[in-house]
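Below: one structure, written as structure tokens.
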Amino acid sequence: DKQLVQLSCYILDGTLQSYKLLNYFPSQLAAGAIMVARHSVGRNAWSPTLLRYSQYCEEEIAPVALAILEEKRAILPDLKAVNKKYGSNRYGNVAKIPITFAE
């Protein structure tokens with residue numbers, strides 16, 4: 001759904017300036033952002049469809065999702081442009097959705 005895509009992009013955009021996340025593949029970061037976004041909107045963290053298309057199981061992506069969330073919380077206040085962009089109507093105001101994740 002559109003909100004989930006926008007929230008995933010918001011989470012992923014917030015990680016672009018993090019050196020700590022450079023040890024992950026871009027596909028792992030994308031999968032981790034999707035996992036965090038799904039959890040934040042109350043959906044199951046992972047699904048058989050996501051496993052089939054990403055080739056990552058939930059156990060592989062959960063540590064990446066936790067690393068993303070840790071970095072996002074550390075640098076989120078400093079990313080004023082990202083917060084402004086995703087806080088607009090054009091991007092569904094997803095910056096206002098609380099970002100959560102529980103392993």
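Here, A, B, ... name the chains of the structure tokens in the order displayed, residue numbers run from 1 inside each chain, and ligands are numbered from 1 in the same displayed order.
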
Contacts of Tyr10 of chain A at 10 Å (only C-alpha atoms; same-chain gap of 6+ positions) as an mmCIF file with N, CA and C atoms, in the first residue's frame:
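Result file is part27.cif:
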```cif
data_model
loop_
_atom_site.group_PDB
_atom_site.id
_atom_site.type_symbol
_atom_site.label_atom_id
_atom_site.label_comp_id
_atom_site.auth_asym_id
_atom_site.auth_seq_id
_atom_site.Cartn_x
_atom_site.Cartn_y
_atom_site.Cartn_z
ATOM 1 N N LEU A 4 2.657 2.406 3.291
ATOM 2 C CA LEU A 4 3.760 1.528 3.662
ATOM 3 C C LEU A 4 4.999 1.815 2.811
ATOM 4 N N ALA A 33 14.136 -1.755 6.234
ATOM 5 C CA ALA A 33 13.222 -0.606 6.275
ATOM 6 C C ALA A 33 11.775 -1.059 6.105
ATOM 7 N N ALA A 37 8.842 -0.573 8.849
ATOM 8 C CA ALA A 37 7.618 0.120 8.425
ATOM 9 C C ALA A 37 6.389 -0.750 8.667
ATOM 10 N N VAL A 82 14.685 15.772 5.504
ATOM 11 C CA VAL A 82 13.982 14.494 5.344
ATOM 12 C C VAL A 82 12.665 14.526 6.105
ATOM 13 N N ASN A 83 12.697 15.045 7.329
ATOM 14 C CA ASN A 83 11.472 15.130 8.128
ATOM 15 C C ASN A 83 10.448 16.065 7.488
ATOM 16 N N LYS A 85 10.213 16.818 4.231
ATOM 17 C CA LYS A 85 9.730 16.177 3.000
ATOM 18 C C LYS A 85 8.636 15.155 3.317
ATOM 19 N N TYR A 86 8.926 14.232 4.250
ATOM 20 C CA TYR A 86 7.976 13.165 4.546
ATOM 21 C C TYR A 86 6.886 13.586 5.534
ATOM 22 N N GLY A 87 6.960 14.808 6.016
ATOM 23 C CA GLY A 87 5.902 15.350 6.853
ATOM 24 C C GLY A 87 4.876 16.123 6.050
ATOM 25 N N TYR A 91 3.711 13.279 0.671
ATOM 26 C CA TYR A 91 4.285 12.000 1.095
ATOM 27 C C TYR A 91 3.491 11.358 2.228
ATOM 28 N N VAL A 94 3.976 10.724 6.574
ATOM 29 C CA VAL A 94 4.478 9.529 7.263
ATOM 30 C C VAL A 94 5.529 9.863 8.320
ATOM 31 N N ALA A 95 6.123 11.052 8.266
ATOM 32 C CA ALA A 95 7.106 11.421 9.289
ATOM 33 C C ALA A 95 6.453 11.547 10.661
#
```

Extract the full set of helix (DSSP H, G or I) residues from chain A according to DSSP on the backbone, and format it as number ranges by chain. A: 2-13, 20-23, 26-40, 48-54, 58-78, 80-86, 89-91, 94-96

Pick out the closest residue to Asp1 of chain A from this set: A:Leu79, A:Ala62, A:Ile34, A:Leu29. Count only C-alpha atoms.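 Of A:Leu79, A:Ala62, A:Ile34, A:Leu29, the one nearest Asp1 of chain A, counting only C-alpha atoms, is A:Ile34.
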
Give me the residues within 12 Å of Tyr24 of chain A as a VMD selection string, counting only C-alpha atoms and dropping any in the same chain fewer than 3 places off. chain A and resid 15 to 16 18 to 21 27 to 32 60 to 61 63 to 65 67 to 68

Could you write out that same residue set with N, CA, C and O atoms as a tab-separated table (two decimals), in the first residue's frame?
```
chain	number	residue	atom	x	y	z
A	15	THR	N	18.63	6.75	6.67
A	15	THR	CA	19.84	5.97	6.92
A	15	THR	C	20.97	6.33	5.96
A	15	THR	O	22.09	5.85	6.12
A	16	LEU	N	20.70	7.17	4.98
A	16	LEU	CA	21.70	7.43	3.94
A	16	LEU	C	22.97	8.09	4.45
A	16	LEU	O	24.01	7.96	3.83
A	18	SER	N	24.42	7.47	7.35
A	18	SER	CA	24.98	6.67	8.44
A	18	SER	C	26.12	5.78	7.94
A	18	SER	O	25.92	4.90	7.11
A	19	TYR	N	27.30	6.01	8.50
A	19	TYR	CA	28.45	5.16	8.17
A	19	TYR	C	28.32	3.78	8.79
A	19	TYR	O	28.83	2.81	8.26
A	20	LYS	N	27.64	3.69	9.90
A	20	LYS	CA	27.51	2.42	10.61
A	20	LYS	C	26.73	1.38	9.80
A	20	LYS	O	26.89	0.19	10.01
A	21	LEU	N	25.90	1.84	8.89
A	21	LEU	CA	25.08	0.90	8.12
A	21	LEU	C	25.72	0.51	6.79
A	21	LEU	O	25.12	-0.25	6.02
A	27	SER	N	20.16	-4.13	-0.49
A	27	SER	CA	18.95	-4.96	-0.44
A	27	SER	C	18.58	-5.31	1.01
A	27	SER	O	17.40	-5.38	1.35
A	28	GLN	N	19.59	-5.48	1.87
A	28	GLN	CA	19.32	-5.75	3.27
A	28	GLN	C	18.73	-4.52	3.96
A	28	GLN	O	17.82	-4.64	4.77
A	29	LEU	N	19.26	-3.35	3.63
A	29	LEU	CA	18.73	-2.11	4.20
A	29	LEU	C	17.29	-1.88	3.76
A	29	LEU	O	16.44	-1.47	4.56
A	30	ALA	N	17.02	-2.14	2.48
A	30	ALA	CA	15.65	-1.99	1.98
A	30	ALA	C	14.71	-2.95	2.69
A	30	ALA	O	13.61	-2.56	3.12
A	31	ALA	N	15.13	-4.19	2.84
A	31	ALA	CA	14.30	-5.19	3.53
A	31	ALA	C	14.10	-4.80	4.99
A	31	ALA	O	12.99	-4.93	5.53
A	32	GLY	N	15.15	-4.29	5.64
A	32	GLY	CA	15.04	-3.86	7.02
A	32	GLY	C	14.09	-2.69	7.18
A	32	GLY	O	13.30	-2.63	8.13
A	60	GLU	N	17.18	-13.20	9.33
A	60	GLU	CA	18.32	-12.50	8.73
A	60	GLU	C	18.14	-10.98	8.76
A	60	GLU	O	19.11	-10.23	8.89
A	61	ILE	N	16.91	-10.53	8.60
A	61	ILE	CA	16.63	-9.11	8.46
A	61	ILE	C	16.37	-8.42	9.80
A	61	ILE	O	16.61	-7.22	9.94
A	63	PRO	N	18.08	-8.29	12.64
A	63	PRO	CA	19.22	-7.50	13.15
A	63	PRO	C	19.47	-6.24	12.33
A	63	PRO	O	19.86	-5.20	12.88
A	64	VAL	N	19.23	-6.30	11.03
A	64	VAL	CA	19.38	-5.14	10.17
A	64	VAL	C	18.32	-4.09	10.53
A	64	VAL	O	18.63	-2.90	10.65
A	65	ALA	N	17.10	-4.55	10.75
A	65	ALA	CA	16.02	-3.64	11.13
A	65	ALA	C	16.33	-2.96	12.45
A	65	ALA	O	16.09	-1.75	12.60
A	67	ALA	N	19.33	-2.36	13.67
A	67	ALA	CA	20.42	-1.41	13.41
A	67	ALA	C	19.88	-0.14	12.75
A	67	ALA	O	20.30	0.97	13.09
A	68	ILE	N	18.96	-0.31	11.81
A	68	ILE	CA	18.34	0.85	11.15
A	68	ILE	C	17.59	1.70	12.16
A	68	ILE	O	17.73	2.92	12.18
```

Go through A:Ala74, A:Met35, A:Leu22, A:Ile99 and flag the residue nearest Leu50 of chain A, using only C-alpha atoms for the distances.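 Nearest candidate to Leu50 of chain A out of A:Ala74, A:Met35, A:Leu22, A:Ile99: A:Met35.
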
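Nearest to Phe25 of chain A of all the residues A:Lys2, A:Tyr56, A:Leu66, A:Glu71 is A:Tyr56, based on only C-alpha atoms.
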